[in-house]
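Novice: Pasting in a structure now, in structure tokens, and then I'll have a few things to ask.
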Amino acid sequence: MVDKKPIYITTTLPYVNADPHVGFAMEIIRADALARYYRLAGHEVYFNTGTDEHGAKIYEAATNEGVDPEVYTDKLAERFRALAPALGLAANIPGITFNFIRTTDKDHVAAAEEFWKKCEAKGDIYKKLYSVKYCVGCELEKTDSELENGRCPIHPNRELEFREEENYFFRFSNYTEKLKKFYDDHPDFVIPDFRFNEMRAFVGRGLEDFSISRLKTKMPWGVPVPGDPDQVMYVWFDALVNYVSAIGWPKDMAKFTKWWPVIQYCGKDNNRQQSAMWQAMLMSADLPNSEHIVINGFINSAGGQKMSKSLGNVLNPFDVIDAFKDVTPFPDDVLRFVLLHDIPSFEDGDLTMESIKASYAAHLQNGLGNLTSRIMKMATSYAVVYTDYPGDATVETQKSAVVSGACEQFDLHKAIGEIWSNGIGMLDAFIQREEPFKKIKTDPVRAKENVAYLLNNLLSIAQALKPFLPRTAEEIGRLIRENKMPEKPLFARLP
RNA sequence: GCCGGUGUAGUUCAAUGGUAGAACGAGGGACUCAUAAGCCCUAGAAAAAGGUCCGAUUCCUUUCACCGGCACCA
């Protein structure tokens, strides 16, 4: 067997100041589906996810609860760790190394410090006095984007104070030309192309240095800055390093070299950090750049309305799974299905509990589930087992080429859509056209050939579905192998 | 404001300089292997105005609407 290139896929690390939301569930499910796809294609795969645990917001939240940040983050990290079993992630698949990193892990902290030193040795880190805008009314620092007409929108009658603070900065400005060249040399670096264009425009305007540390007296919850006990790293700097520390950098360079570079999934609000800032940091540390940055859109509520707590339209991934637990043994696959099938790969999409139920009924209950039952009913009744069927190699090859082509372009929405439009629908039509259930009385030989053909194709659908709906695909495969009807409907009607 | 994008059936999307396709939803029909599922049929669409062209949904211009980006929120 030819050794295929090892594949390293990572999600961003969600900030643990809130429970997992459906947008992150989508990100991690897409990354998981891609990981499974590459594994099935014969690659060894490293799958990384985890939690980003430093920074002011977490420090404040912990303080408000009156607990140490360590205690607070330990609790929240477990909530995110629980996503793996709940979402059917590939945590125990041979050939896929599942890694859950916390930015508070000892190795990660050491890696962040080492990374800092590399950038510093390069001359890309310097200390600078700069002024932050401070609203006395809010008792908070304000960024320019938070201001209206140079004033705090909550306290427009108060003058902003300018407070001086000394922080470390990263010489992002050194990398304007290098990033431009890198982008030009890697025309598929950011996916989709319109997100890449945004980055080209951003870098094209010229880059400003950004701050990468905070005063420890104000915010102690961070990785210490090497050689300066008064400062901790700003959470971005430390968190981004996880993509290399997760695969052993710098202490296990053999492991690092095996897996790097990485395919990174992230939301559209993370484009700049991943595609520009992190890439400049890698250049500074003399490490090769990432391989691809894949940018997801957001999930909105009905009519494209943003989800927000105040509107009460926030969709919780665990609620979705819960809503289907009584009608199917695979409620996690229902969530995976709607996130992959109903949301465009690169644009924003809408999702509500109502739309999920409609999609479930149309595609899983009346589609895949029903098709499996009707085929397996005939297969068991006529004693047709799954070996020695005639097959239709041409059609199958074309279909799988479309699916795998779409996967390799990160268009998982297109890939799973193809399985429904050119797989399931065609088999239902075939049954209607050939009527093997009638033919069995007049021409049993032909009828059994028809059923064998159906079994063959149902199996190929199950194979194609493995990256997307792993448990369902496995169950359909089992039914075919063991020549059994489903004991209960795979996807029963909702009450 | 500047830059980029989008505007096609009730909804989500597709293709195309020459008859605009599909899926979901809606209405109807014949069947029965199946989860009253599935199959077949039907209805239903180019934001507005101008230009180029024999011919424009497609190319160009303008208007309108919506979306994204324009750095320290992770």
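Please note that chains go A, B, ... in the order of the structure tokens, that every chain numbers its residues from 1, and that ligands are numbered from 1 in the order shown.
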Can you pull out the residues contacting segment 56-71 of chain A? Cut-off 7 Å, using only C-alpha atoms (C1' of nucleotides), and skip same-chain residues under 6 positions away; I want them as a list in words.
Specialist: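 The residues that qualify are Asn17, Met219 and Trp221 of chain A.
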Novice: Return as a Markdown table the residues of chain B lying at most 9 Å from segment 421-439 of chain A, together with the closest atom-to-atom pair for each and the distance in Å to one decimal, counting only C-alpha atoms (C1' of nucleotides), with rows in chain order and ascending residue number.
Specialist:
| residue | atom | partner | partner_atom | distance |
| --- | --- | --- | --- | --- |
| B:A23 | C1' | A:Ser421 | CA | 8.0 |
| B:C31 | C1' | A:Gln432 | CA | 8.8 |
| B:U32 | C1' | A:Phe437 | CA | 8.7 |
| B:C33 | C1' | A:Phe437 | CA | 5.2 |
| B:G38 | C1' | A:Asp428 | CA | 6.3 |
| B:C39 | C1' | A:Gln432 | CA | 5.6 |
Novice: Could you check which of A:Gln273, A:Val338, A:Tyr265, A:Arg481 is closest to Ser355 of chain A, using only C-alpha atoms?
Specialist: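 Residue with the minimum atom-to-atom distance to Ser355 of chain A: A:Val338.
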Novice: Which of these residues is nearest to chain A, using only C-alpha atoms (C1' of nucleotides): B:U57, B:U35, B:U11, B:U16?
Specialist: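 Of the candidates, the smallest distance to chain A is held by B:U35.
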Novice: Leaving out A34 of chain B and any residue of its chain fewer than 6 positions from it, which residues lie within 12 Å of it when counting only C-alpha atoms (C1' of nucleotides), given as an mmCIF file with C-alpha atoms, in the first residue's frame?
Specialist:
data_model
loop_
_atom_site.group_PDB
_atom_site.id
_atom_site.type_symbol
_atom_site.label_atom_id
_atom_site.label_comp_id
_atom_site.auth_asym_id
_atom_site.auth_seq_id
_atom_site.Cartn_x
_atom_site.Cartn_y
_atom_site.Cartn_z
ATOM 1 C CA GLN A 365 -37.393 9.809 7.787
ATOM 2 C CA ASN A 366 -38.989 9.725 4.325
ATOM 3 C CA GLY A 367 -35.704 9.548 2.488
ATOM 4 C CA LEU A 368 -32.850 7.460 3.806
ATOM 5 C CA GLY A 369 -34.739 5.689 6.617
ATOM 6 C CA ASN A 370 -37.711 4.696 4.520
ATOM 7 C CA LEU A 371 -35.532 3.625 1.610
ATOM 8 C CA THR A 372 -33.519 1.363 3.877
ATOM 9 C CA SER A 373 -36.697 -0.257 5.220
ATOM 10 C CA ARG A 374 -38.236 -0.917 1.823
ATOM 11 C CA ILE A 375 -35.063 -2.361 0.355
ATOM 12 C CA MET A 376 -34.297 -4.507 3.377
ATOM 13 C CA LYS A 377 -37.878 -5.764 3.475
ATOM 14 C CA MET A 378 -37.539 -7.103 -0.051
ATOM 15 C CA ASP A 428 -36.696 5.208 -4.867
ATOM 16 C CA ILE A 431 -38.082 0.656 -7.222
ATOM 17 C CA GLN A 432 -41.137 2.384 -8.649
ATOM 18 C CA PHE A 437 -42.301 -6.371 -5.436
ATOM 19 C CA MET A 485 -34.846 -5.466 8.458
ATOM 20 C CA PRO A 486 -34.309 -2.584 10.879
ATOM 21 C CA PRO A 489 -37.382 2.542 11.878
#
Novice: I need the chain B residues near chain A as a VMD selection string; criterion: at most 12 Å, counting only C-alpha atoms (C1' of nucleotides).
Specialist: chain B and resid 2 to 6 11 to 13 22 to 25 30 to 40 66 to 74
Novice: Got a sec: who's within 12 Å of G18 of chain B, counting only C-alpha atoms (C1' of nucleotides), leaving out chain neighbours fewer than 6 positions off, as a list in words?
Specialist: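 Residues near the query, excluding close chain neighbours: C53, C54, G55, A56 and U58 of chain B.
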Novice: Go ahead and write the selection's residues with N, CA and C atoms (P, O5', C5', C4', C3', O3' and C1' of nucleotides) as a PDB file, in the first residue's frame.
Specialist:
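What follows is the written file out-v2.pdb:
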ATOM      1  P     C B  53     -25.373  47.716 -31.471  1.00  0.00           P
ATOM      2  O5'   C B  53     -25.700  46.162 -31.421  1.00  0.00           O
ATOM      3  C5'   C B  53     -24.666  45.190 -31.571  1.00  0.00           C
ATOM      4  C4'   C B  53     -25.209  43.819 -31.289  1.00  0.00           C
ATOM      5  C3'   C B  53     -26.460  43.458 -32.071  1.00  0.00           C
ATOM      6  O3'   C B  53     -26.157  43.029 -33.389  1.00  0.00           O
ATOM      7  C1'   C B  53     -26.752  42.871 -29.805  1.00  0.00           C
ATOM      8  P     C B  54     -27.036  43.576 -34.600  1.00  0.00           P
ATOM      9  O5'   C B  54     -28.428  42.804 -34.437  1.00  0.00           O
ATOM     10  C5'   C B  54     -29.556  43.193 -35.208  1.00  0.00           C
ATOM     11  C4'   C B  54     -30.642  42.170 -35.033  1.00  0.00           C
ATOM     12  C3'   C B  54     -30.937  41.798 -33.587  1.00  0.00           C
ATOM     13  O3'   C B  54     -31.830  42.722 -32.978  1.00  0.00           O
ATOM     14  C1'   C B  54     -30.716  39.827 -34.871  1.00  0.00           C
ATOM     15  P     G B  55     -31.531  43.215 -31.523  1.00  0.00           P
ATOM     16  O5'   G B  55     -31.782  41.885 -30.685  1.00  0.00           O
ATOM     17  C5'   G B  55     -33.112  41.376 -30.543  1.00  0.00           C
ATOM     18  C4'   G B  55     -33.086  40.022 -29.893  1.00  0.00           C
ATOM     19  C3'   G B  55     -32.458  39.972 -28.509  1.00  0.00           C
ATOM     20  O3'   G B  55     -33.381  40.370 -27.510  1.00  0.00           O
ATOM     21  C1'   G B  55     -31.602  38.203 -29.818  1.00  0.00           C
ATOM     22  P     A B  56     -32.837  41.194 -26.272  1.00  0.00           P
ATOM     23  O5'   A B  56     -31.852  40.174 -25.551  1.00  0.00           O
ATOM     24  C5'   A B  56     -32.326  38.916 -25.023  1.00  0.00           C
ATOM     25  C4'   A B  56     -31.822  38.751 -23.598  1.00  0.00           C
ATOM     26  C3'   A B  56     -32.292  39.848 -22.642  1.00  0.00           C
ATOM     27  O3'   A B  56     -32.502  39.281 -21.372  1.00  0.00           O
ATOM     28  C1'   A B  56     -29.945  39.853 -22.747  1.00  0.00           C
ATOM     29  P     U B  58     -29.305  40.354 -18.085  1.00  0.00           P
ATOM     30  O5'   U B  58     -28.160  39.242 -18.008  1.00  0.00           O
ATOM     31  C5'   U B  58     -27.607  38.859 -16.751  1.00  0.00           C
ATOM     32  C4'   U B  58     -26.674  37.688 -16.940  1.00  0.00           C
ATOM     33  C3'   U B  58     -25.477  38.007 -17.839  1.00  0.00           C
ATOM     34  O3'   U B  58     -24.298  37.438 -17.313  1.00  0.00           O
ATOM     35  C1'   U B  58     -26.708  36.177 -18.725  1.00  0.00           C
TER      36        U B  58
END
Novice: Work out how far apart atom CA of Thr380 of chain A and atom CA of Ile480 of chain A are and give it in Å to one decimal.
Specialist: 9.5 Å
Novice: Taking the DSSP secondary structure from the backbone, can you list the residues of segment 93-335 of chain A that are alpha helix (DSSP H), as a PyMOL selection string?
Specialist: chain A and resi 106-121+176-185+193-204+235-240+242-245+253-259+271-272+278-284+317-323+331-335
Novice: Excluding A48 of chain B and its own-chain neighbours fewer than 3 positions away, which residues fall within 12 Å of it when counting only C-alpha atoms (C1' of nucleotides)? Please give them as a PDB file with N, CA and C atoms (P, O5', C5', C4', C3', O3' and C1' of nucleotides), in the first residue's frame.
Specialist:
ATOM      1  P     G B   7     -27.348  36.615  -7.609  1.00  0.00           P
ATOM      2  O5'   G B   7     -28.631  37.411  -7.095  1.00  0.00           O
ATOM      3  C5'   G B   7     -29.508  36.807  -6.138  1.00  0.00           C
ATOM      4  C4'   G B   7     -30.542  37.832  -5.712  1.00  0.00           C
ATOM      5  C3'   G B   7     -31.628  38.079  -6.748  1.00  0.00           C
ATOM      6  O3'   G B   7     -32.919  37.977  -6.149  1.00  0.00           O
ATOM      7  C1'   G B   7     -30.634  40.126  -6.030  1.00  0.00           C
ATOM      8  P     U B  62     -22.164  52.868 -12.943  1.00  0.00           P
ATOM      9  O5'   U B  62     -23.641  53.407 -12.712  1.00  0.00           O
ATOM     10  C5'   U B  62     -23.955  54.762 -13.013  1.00  0.00           C
ATOM     11  C4'   U B  62     -25.441  54.981 -12.925  1.00  0.00           C
ATOM     12  C3'   U B  62     -26.075  54.587 -11.598  1.00  0.00           C
ATOM     13  O3'   U B  62     -25.925  55.602 -10.614  1.00  0.00           O
ATOM     14  C1'   U B  62     -27.378  53.726 -13.370  1.00  0.00           C
ATOM     15  P     U B  63     -25.947  55.198  -9.099  1.00  0.00           P
ATOM     16  O5'   U B  63     -27.474  54.870  -8.837  1.00  0.00           O
ATOM     17  C5'   U B  63     -28.469  55.884  -8.975  1.00  0.00           C
ATOM     18  C4'   U B  63     -29.847  55.292  -8.780  1.00  0.00           C
ATOM     19  C3'   U B  63     -30.027  54.480  -7.506  1.00  0.00           C
ATOM     20  O3'   U B  63     -30.257  55.309  -6.381  1.00  0.00           O
ATOM     21  C1'   U B  63     -30.944  53.289  -9.326  1.00  0.00           C
ATOM     22  P     C B  64     -29.750  54.819  -4.977  1.00  0.00           P
ATOM     23  O5'   C B  64     -30.789  53.670  -4.606  1.00  0.00           O
ATOM     24  C5'   C B  64     -32.191  53.965  -4.545  1.00  0.00           C
ATOM     25  C4'   C B  64     -32.968  52.675  -4.416  1.00  0.00           C
ATOM     26  C3'   C B  64     -32.482  51.724  -3.323  1.00  0.00           C
ATOM     27  O3'   C B  64     -32.953  52.117  -2.046  1.00  0.00           O
ATOM     28  C1'   C B  64     -32.852  50.499  -5.302  1.00  0.00           C
ATOM     29  P     A B  65     -32.057  51.781  -0.762  1.00  0.00           P
ATOM     30  O5'   A B  65     -32.264  50.205  -0.609  1.00  0.00           O
ATOM     31  C5'   A B  65     -33.559  49.683  -0.333  1.00  0.00           C
ATOM     32  C4'   A B  65     -33.522  48.185  -0.374  1.00  0.00           C
ATOM     33  C3'   A B  65     -32.443  47.546   0.489  1.00  0.00           C
ATOM     34  O3'   A B  65     -32.838  47.451   1.840  1.00  0.00           O
ATOM     35  C1'   A B  65     -32.410  46.566  -1.651  1.00  0.00           C
TER      36        A B  65
END
Novice: Report as a PyMOL selection string all protein, DNA and RNA residues lying within 8 Å of segment 20-37 of chain A, evaluated on only C-alpha atoms (C1' of nucleotides), omitting residues in the same chain fewer than 6 positions from it.
Specialist: chain A and resi 7+9-11+14+45-47+49+79-80+87+89-90+96+265-267+296+298-299+315-317+336+339-340+407+410+412+466-468
Novice: Pick the closest to His413 of chain A from A:Asp332, A:Lys142, A:Ser345, A:Val232: which is it, counting only C-alpha atoms?
Specialist: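 Residue with the minimum atom-to-atom distance to His413 of chain A: A:Ser345.
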Novice: Tell me, as a PDB file with N, CA and C atoms, in the first residue's frame, which residues lie within 10 Å of segment 117-133 of chain A, counting only C-alpha atoms (C1' of nucleotides); anything in the same chain fewer than 4 positions away does not count.
Specialist:
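out_19.pdb, freshly written:
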ATOM      1  N   ALA A 111       5.225  25.759  25.204  1.00  0.00           N
ATOM      2  CA  ALA A 111       5.360  26.023  23.767  1.00  0.00           C
ATOM      3  C   ALA A 111       5.123  27.502  23.467  1.00  0.00           C
ATOM      4  N   ALA A 112       4.123  28.081  24.129  1.00  0.00           N
ATOM      5  CA  ALA A 112       3.830  29.506  23.905  1.00  0.00           C
ATOM      6  C   ALA A 112       5.035  30.350  24.302  1.00  0.00           C
ATOM      7  N   GLU A 113       5.681  29.978  25.408  1.00  0.00           N
ATOM      8  CA  GLU A 113       6.862  30.728  25.849  1.00  0.00           C
ATOM      9  C   GLU A 113       8.006  30.590  24.845  1.00  0.00           C
ATOM     10  N   LEU A 140     -14.202  50.976  31.962  1.00  0.00           N
ATOM     11  CA  LEU A 140     -13.662  49.972  31.044  1.00  0.00           C
ATOM     12  C   LEU A 140     -12.801  50.642  29.985  1.00  0.00           C
ATOM     13  N   GLU A 141     -11.836  49.895  29.484  1.00  0.00           N
ATOM     14  CA  GLU A 141     -11.093  50.343  28.314  1.00  0.00           C
ATOM     15  C   GLU A 141     -11.982  50.192  27.090  1.00  0.00           C
ATOM     16  N   LYS A 142     -11.830  51.125  26.161  1.00  0.00           N
ATOM     17  CA  LYS A 142     -12.666  51.097  24.966  1.00  0.00           C
ATOM     18  C   LYS A 142     -11.791  51.012  23.723  1.00  0.00           C
ATOM     19  N   THR A 143     -12.222  50.218  22.756  1.00  0.00           N
ATOM     20  CA  THR A 143     -11.528  50.184  21.467  1.00  0.00           C
ATOM     21  C   THR A 143     -12.239  51.137  20.519  1.00  0.00           C
ATOM     22  N   ASP A 144     -11.524  51.502  19.438  1.00  0.00           N
ATOM     23  CA  ASP A 144     -12.111  52.464  18.497  1.00  0.00           C
ATOM     24  C   ASP A 144     -13.443  51.983  17.944  1.00  0.00           C
ATOM     25  N   LEU A 147     -16.502  52.889  19.927  1.00  0.00           N
ATOM     26  CA  LEU A 147     -16.844  54.305  20.133  1.00  0.00           C
ATOM     27  C   LEU A 147     -17.743  54.822  19.022  1.00  0.00           C
ATOM     28  N   GLY A 150     -16.016  59.160  18.514  1.00  0.00           N
ATOM     29  CA  GLY A 150     -14.934  59.333  19.468  1.00  0.00           C
ATOM     30  C   GLY A 150     -15.390  59.360  20.914  1.00  0.00           C
ATOM     31  N   ARG A 151     -16.639  58.944  21.161  1.00  0.00           N
ATOM     32  CA  ARG A 151     -17.144  58.942  22.530  1.00  0.00           C
ATOM     33  C   ARG A 151     -17.782  57.603  22.854  1.00  0.00           C
ATOM     34  N   CYS A 152     -17.836  57.333  24.143  1.00  0.00           N
ATOM     35  CA  CYS A 152     -18.499  56.104  24.575  1.00  0.00           C
ATOM     36  C   CYS A 152     -20.000  56.247  24.321  1.00  0.00           C
ATOM     37  N   GLU A 159     -15.896  62.771  28.927  1.00  0.00           N
ATOM     38  CA  GLU A 159     -14.686  62.708  28.117  1.00  0.00           C
ATOM     39  C   GLU A 159     -13.976  61.383  28.375  1.00  0.00           C
ATOM     40  N   LEU A 160     -13.446  60.810  27.314  1.00  0.00           N
ATOM     41  CA  LEU A 160     -12.645  59.600  27.508  1.00  0.00           C
ATOM     42  C   LEU A 160     -11.305  59.980  28.107  1.00  0.00           C
ATOM     43  N   GLU A 161     -10.820  59.160  28.987  1.00  0.00           N
ATOM     44  CA  GLU A 161      -9.467  59.364  29.500  1.00  0.00           C
ATOM     45  C   GLU A 161      -8.492  58.576  28.639  1.00  0.00           C
ATOM     46  N   PHE A 162      -7.296  59.104  28.513  1.00  0.00           N
ATOM     47  CA  PHE A 162      -6.241  58.350  27.837  1.00  0.00           C
ATOM     48  C   PHE A 162      -5.278  57.850  28.889  1.00  0.00           C
ATOM     49  N   ARG A 163      -5.149  56.580  28.970  1.00  0.00           N
ATOM     50  CA  ARG A 163      -4.243  56.013  29.979  1.00  0.00           C
ATOM     51  C   ARG A 163      -3.070  55.359  29.281  1.00  0.00           C
ATOM     52  N   GLU A 164      -1.921  55.645  29.789  1.00  0.00           N
ATOM     53  CA  GLU A 164      -0.710  55.093  29.198  1.00  0.00           C
ATOM     54  C   GLU A 164      -0.427  53.718  29.764  1.00  0.00           C
ATOM     55  N   GLU A 165      -0.008  52.846  28.892  1.00  0.00           N
ATOM     56  CA  GLU A 165       0.338  51.512  29.362  1.00  0.00           C
ATOM     57  C   GLU A 165       1.462  50.967  28.497  1.00  0.00           C
ATOM     58  N   GLU A 166       2.335  50.246  29.126  1.00  0.00           N
ATOM     59  CA  GLU A 166       3.441  49.681  28.373  1.00  0.00           C
ATOM     60  C   GLU A 166       3.167  48.203  28.101  1.00  0.00           C
ATOM     61  N   ASN A 167       3.145  47.841  26.819  1.00  0.00           N
ATOM     62  CA  ASN A 167       2.895  46.445  26.429  1.00  0.00           C
ATOM     63  C   ASN A 167       3.903  46.030  25.379  1.00  0.00           C
ATOM     64  N   TYR A 168       3.984  44.722  25.194  1.00  0.00           N
ATOM     65  CA  TYR A 168       4.782  44.209  24.085  1.00  0.00           C
ATOM     66  C   TYR A 168       3.953  44.205  22.811  1.00  0.00           C
ATOM     67  N   PHE A 169       4.635  44.494  21.724  1.00  0.00           N
ATOM     68  CA  PHE A 169       3.996  44.499  20.407  1.00  0.00           C
ATOM     69  C   PHE A 169       4.696  43.527  19.477  1.00  0.00           C
ATOM     70  N   PHE A 170       3.943  43.019  18.543  1.00  0.00           N
ATOM     71  CA  PHE A 170       4.486  42.146  17.500  1.00  0.00           C
ATOM     72  C   PHE A 170       4.606  42.951  16.217  1.00  0.00           C
ATOM     73  N   ARG A 171       5.766  42.838  15.564  1.00  0.00           N
ATOM     74  CA  ARG A 171       5.997  43.637  14.359  1.00  0.00           C
ATOM     75  C   ARG A 171       5.277  43.040  13.151  1.00  0.00           C
ATOM     76  N   PHE A 172       3.962  43.150  13.195  1.00  0.00           N
ATOM     77  CA  PHE A 172       3.127  42.693  12.081  1.00  0.00           C
ATOM     78  C   PHE A 172       3.507  43.448  10.807  1.00  0.00           C
ATOM     79  N   SER A 173       3.899  44.699  10.988  1.00  0.00           N
ATOM     80  CA  SER A 173       4.225  45.549   9.830  1.00  0.00           C
ATOM     81  C   SER A 173       5.396  44.986   9.021  1.00  0.00           C
ATOM     82  N   ASN A 174       6.218  44.165   9.663  1.00  0.00           N
ATOM     83  CA  ASN A 174       7.329  43.535   8.940  1.00  0.00           C
ATOM     84  C   ASN A 174       6.842  42.528   7.903  1.00  0.00           C
ATOM     85  N   TYR A 175       5.605  42.122   8.014  1.00  0.00           N
ATOM     86  CA  TYR A 175       5.140  40.968   7.233  1.00  0.00           C
ATOM     87  C   TYR A 175       4.154  41.318   6.131  1.00  0.00           C
ATOM     88  N   ASP A 209       1.445  47.019  13.739  1.00  0.00           N
ATOM     89  CA  ASP A 209       1.844  46.118  14.811  1.00  0.00           C
ATOM     90  C   ASP A 209       0.699  45.955  15.802  1.00  0.00           C
ATOM     91  N   PHE A 210       0.617  44.787  16.403  1.00  0.00           N
ATOM     92  CA  PHE A 210      -0.455  44.622  17.391  1.00  0.00           C
ATOM     93  C   PHE A 210       0.121  44.213  18.741  1.00  0.00           C
ATOM     94  N   SER A 211      -0.624  44.538  19.788  1.00  0.00           N
ATOM     95  CA  SER A 211      -0.124  44.264  21.127  1.00  0.00           C
ATOM     96  C   SER A 211      -0.328  42.798  21.463  1.00  0.00           C
ATOM     97  N   ILE A 212       0.610  42.240  22.153  1.00  0.00           N
ATOM     98  CA  ILE A 212       0.565  40.807  22.445  1.00  0.00           C
ATOM     99  C   ILE A 212       0.795  40.530  23.927  1.00  0.00           C
ATOM    100  N   SER A 213       0.630  41.564  24.767  1.00  0.00           N
ATOM    101  CA  SER A 213       0.766  41.285  26.195  1.00  0.00           C
ATOM    102  C   SER A 213      -0.152  42.201  26.989  1.00  0.00           C
ATOM    103  N   VAL A 225       5.090  36.268  30.269  1.00  0.00           N
ATOM    104  CA  VAL A 225       6.020  36.681  29.221  1.00  0.00           C
ATOM    105  C   VAL A 225       7.435  36.315  29.664  1.00  0.00           C
ATOM    106  N   PRO A 226       8.170  35.579  28.837  1.00  0.00           N
ATOM    107  CA  PRO A 226       9.526  35.179  29.233  1.00  0.00           C
ATOM    108  C   PRO A 226      10.378  36.410  29.561  1.00  0.00           C
ATOM    109  N   GLY A 227      10.986  36.387  30.730  1.00  0.00           N
ATOM    110  CA  GLY A 227      11.902  37.451  31.100  1.00  0.00           C
ATOM    111  C   GLY A 227      11.254  38.738  31.567  1.00  0.00           C
ATOM    112  N   MET A 281       3.067  35.229  12.476  1.00  0.00           N
ATOM    113  CA  MET A 281       3.749  34.681  13.657  1.00  0.00           C
ATOM    114  C   MET A 281       4.563  33.447  13.284  1.00  0.00           C
ATOM    115  N   LEU A 282       3.991  32.595  12.434  1.00  0.00           N
ATOM    116  CA  LEU A 282       4.729  31.406  11.990  1.00  0.00           C
ATOM    117  C   LEU A 282       5.991  31.803  11.226  1.00  0.00           C
ATOM    118  N   MET A 283       5.855  32.792  10.357  1.00  0.00           N
ATOM    119  CA  MET A 283       7.024  33.251   9.597  1.00  0.00           C
ATOM    120  C   MET A 283       8.101  33.764  10.552  1.00  0.00           C
ATOM    121  N   SER A 284       7.640  34.494  11.565  1.00  0.00           N
ATOM    122  CA  SER A 284       8.586  35.052  12.522  1.00  0.00           C
ATOM    123  C   SER A 284       9.333  33.949  13.265  1.00  0.00           C
ATOM    124  N   ALA A 285       8.619  32.878  13.583  1.00  0.00           N
ATOM    125  CA  ALA A 285       9.235  31.767  14.324  1.00  0.00           C
ATOM    126  C   ALA A 285       9.939  30.785  13.398  1.00  0.00           C
ATOM    127  N   ASP A 286      10.037  31.139  12.112  1.00  0.00           N
ATOM    128  CA  ASP A 286      10.687  30.283  11.113  1.00  0.00           C
ATOM    129  C   ASP A 286      10.017  28.925  10.988  1.00  0.00           C
TER     130      ASP A 286
END
Novice: Just list as a PyMOL selection string whatever in segment 124-211 of chain A DSSP marks as strand (DSSP E).
Specialist: chain A and resi 125-135+140-142+161-170+190-191+210-211
